[in-house]
Amino acid sequence: GLVQIPARWPATFSKRRIMSELLRRPRQRRRALSAAGCVAAIALVLSACGGGGGNNGGANNAEGDGGEAAELTCAQEATADGQFKAAEPTELGILWTDWPEMPVKDSWELFDEIEARTNVKLVPTHVPFSDRVEKQSLLISAGDAPPLIPLIYTGDEKQFAASQAVLPLSDYSDYMPNFNKYVDEWDLREMLNNLRQEDGKYYMTPGLQEVSVPMFSLIIRKDIFDEVGAQVPQTWDELRTALEKIKAAYPDSYPLGDGFEGAAMLNYAAHGFGTVAGWGFGNGTFQNPETGEFEYAATSEGYKEMVEFFAGLAADGLLDIESFTQSNDGAGTVKEKVANSQIFVASGAPGTVNEFKIAAAAVPGAEGAEFIQIAPPGGPAGNVVEPRGFWNGFMLTSQVKDDPNLCTYLQFADWLYYNPEAREMLQWGVDGETYTRTDDGVFTLLPEFKLEAQNLNMDTGTIDIGKDLGWANNVLAGSTESRELKESYNTPEFVEYMDSVLADRQPRDPFSPAPLNEMELEQASLISTALKDSVDTATLQFIVGQRDLSEWDAYVAELEGQNLQTYLDLINGAADRYAEAVSKS
């Protein structure tokens, strides 16, 4: 498990810099490093090699990624791509988030079909979407949460891992044959190593994506771009040129808007400026690719350049500054302004394209509006987008460690989250009952069914497979997807968008791991929360013109006065500690 340092790397390179270089290597060369025994070169300890085999009943020795043996007795066999079924009827509690637009019904076919196929009955504990994060944290910390915790994004698990409130799923990887198969088949093993905590283990398994593109980017009024002679922008500078042409033709407009309080646009824009911002701000640090050092993103030149760019748009009347404080819905907000030809470029996801089309169709004169989603524009740092990503996955609470049904829980969750037939069922329902599928992968809802959330069969369907039957719900659907499944419910325009990103944009390399221990997490959280509040306030003020950019140095000094250096020392210390452990493994 030794990390061998190539002779061409100077002896002055820090271990953290070496970790950064390993992550930046071309995939083929990184794969060569991990060839012996399926060991990823950047793993803290030896990883189990695939673990894709089934469990043949009786005791099984699953060699955990942390070097510990997790030995469970399994009452049934589980194999990759096979139909899992528990040997005995089993109940499994799940923390279920209730979305206001999709309330759970007792009549949902979803739960009955899962139980019929697997002999496992899901028993939901309900939490409202409005305060899901807080309720979830309280339940898990108090030991009152049900075993299965869905809707976990990478990073969500850190606090619970540090306090040992959830299981280290890496210790049980051999009980998850579907997970292991698709981690390897879709070349995600090295990404998985970035989920490891200070002890070298990962405590959640994420949703796996065969192909990964940013869901949010710019949505443009293509017909208006054509009208004013503007090309589809490939860079932010080209977008500015297009906005200027639109402003000249529609002087009362503010042609660019966000609709997500600025957080969406700054998120996907930041990568082209060599920084992180908005929804993607994370812990606020950005790893310098040259030194391997973690720096605070919001004090960097790239962040300043990004802020200056958007402040310039606002000053020239090209950016709707209200859209940086409002959501998409309601009177006077972005969706309404888009429909009324006051905004012509806005942030959104594939579903937003449809929302804009519907809103514009109701406005006289805008019925033929053409909306397309385009790849996030490139910037000074290049045509860079967010790193190839996982999607939401799950955790298991530590209360089930000694539960005699733990193997059943693991095998069931592995089937539910990673088995292709299960994933298809969660999105579309039951083959032959709610939909049909051709041999070449074309999915079609039967005429009596519709899916309002994705605008399917709205003319003929009377039964919504989401609201009425529970399929395509926000808790379970969409987590793990093959490219075929992702394309099955998206529009041809989204497939074109996906292809354009894959062809013309480069995902940013992931940062080296810097896992904090429980005490460090608590200290870092207190500092980072205050820092981010200051960053959010100042960023908005700079962009909308409430604070002059000549005060940038004063702003940086304000952050430095909020224990910024102490925070960076914690992150860099954790990165050094992790790299040191790797070099000795």
# chains A, B, ... in the order shown; residues from 1 in each chain; ligands from 1
>>> select_by_dssp(residues="region 361-549 of chain A", states="strand (DSSP E or B)", output="MDAnalysis selection string")
chainID A and resid 371:374 378:379 382 384:385 391:397 431 435:437 443:445 449:451 456 463:464 481 506:507
>>> select_by_dssp(residues="region 136-357 of chain A", states="helix (DSSP H, G or I)", output="PyMOL selection string")
chain A and resi 136-142+158-162+169-175+177-185+189-193+222-228+236-249+263-273+278-280+297-299+301-315+321-324+334-339+350-357
>>> atom_distance(atom1="CA of Ser479 (chain A)", atom2="CA of Pro146 (chain A)")
19.8 Å
>>> residues_around(residues="Pro447 (chain A)", least_positions_apart="5", cutoff="8 Å", atoms="only C-alpha atoms", output="ChimeraX atom specification")
/A:457,460-461
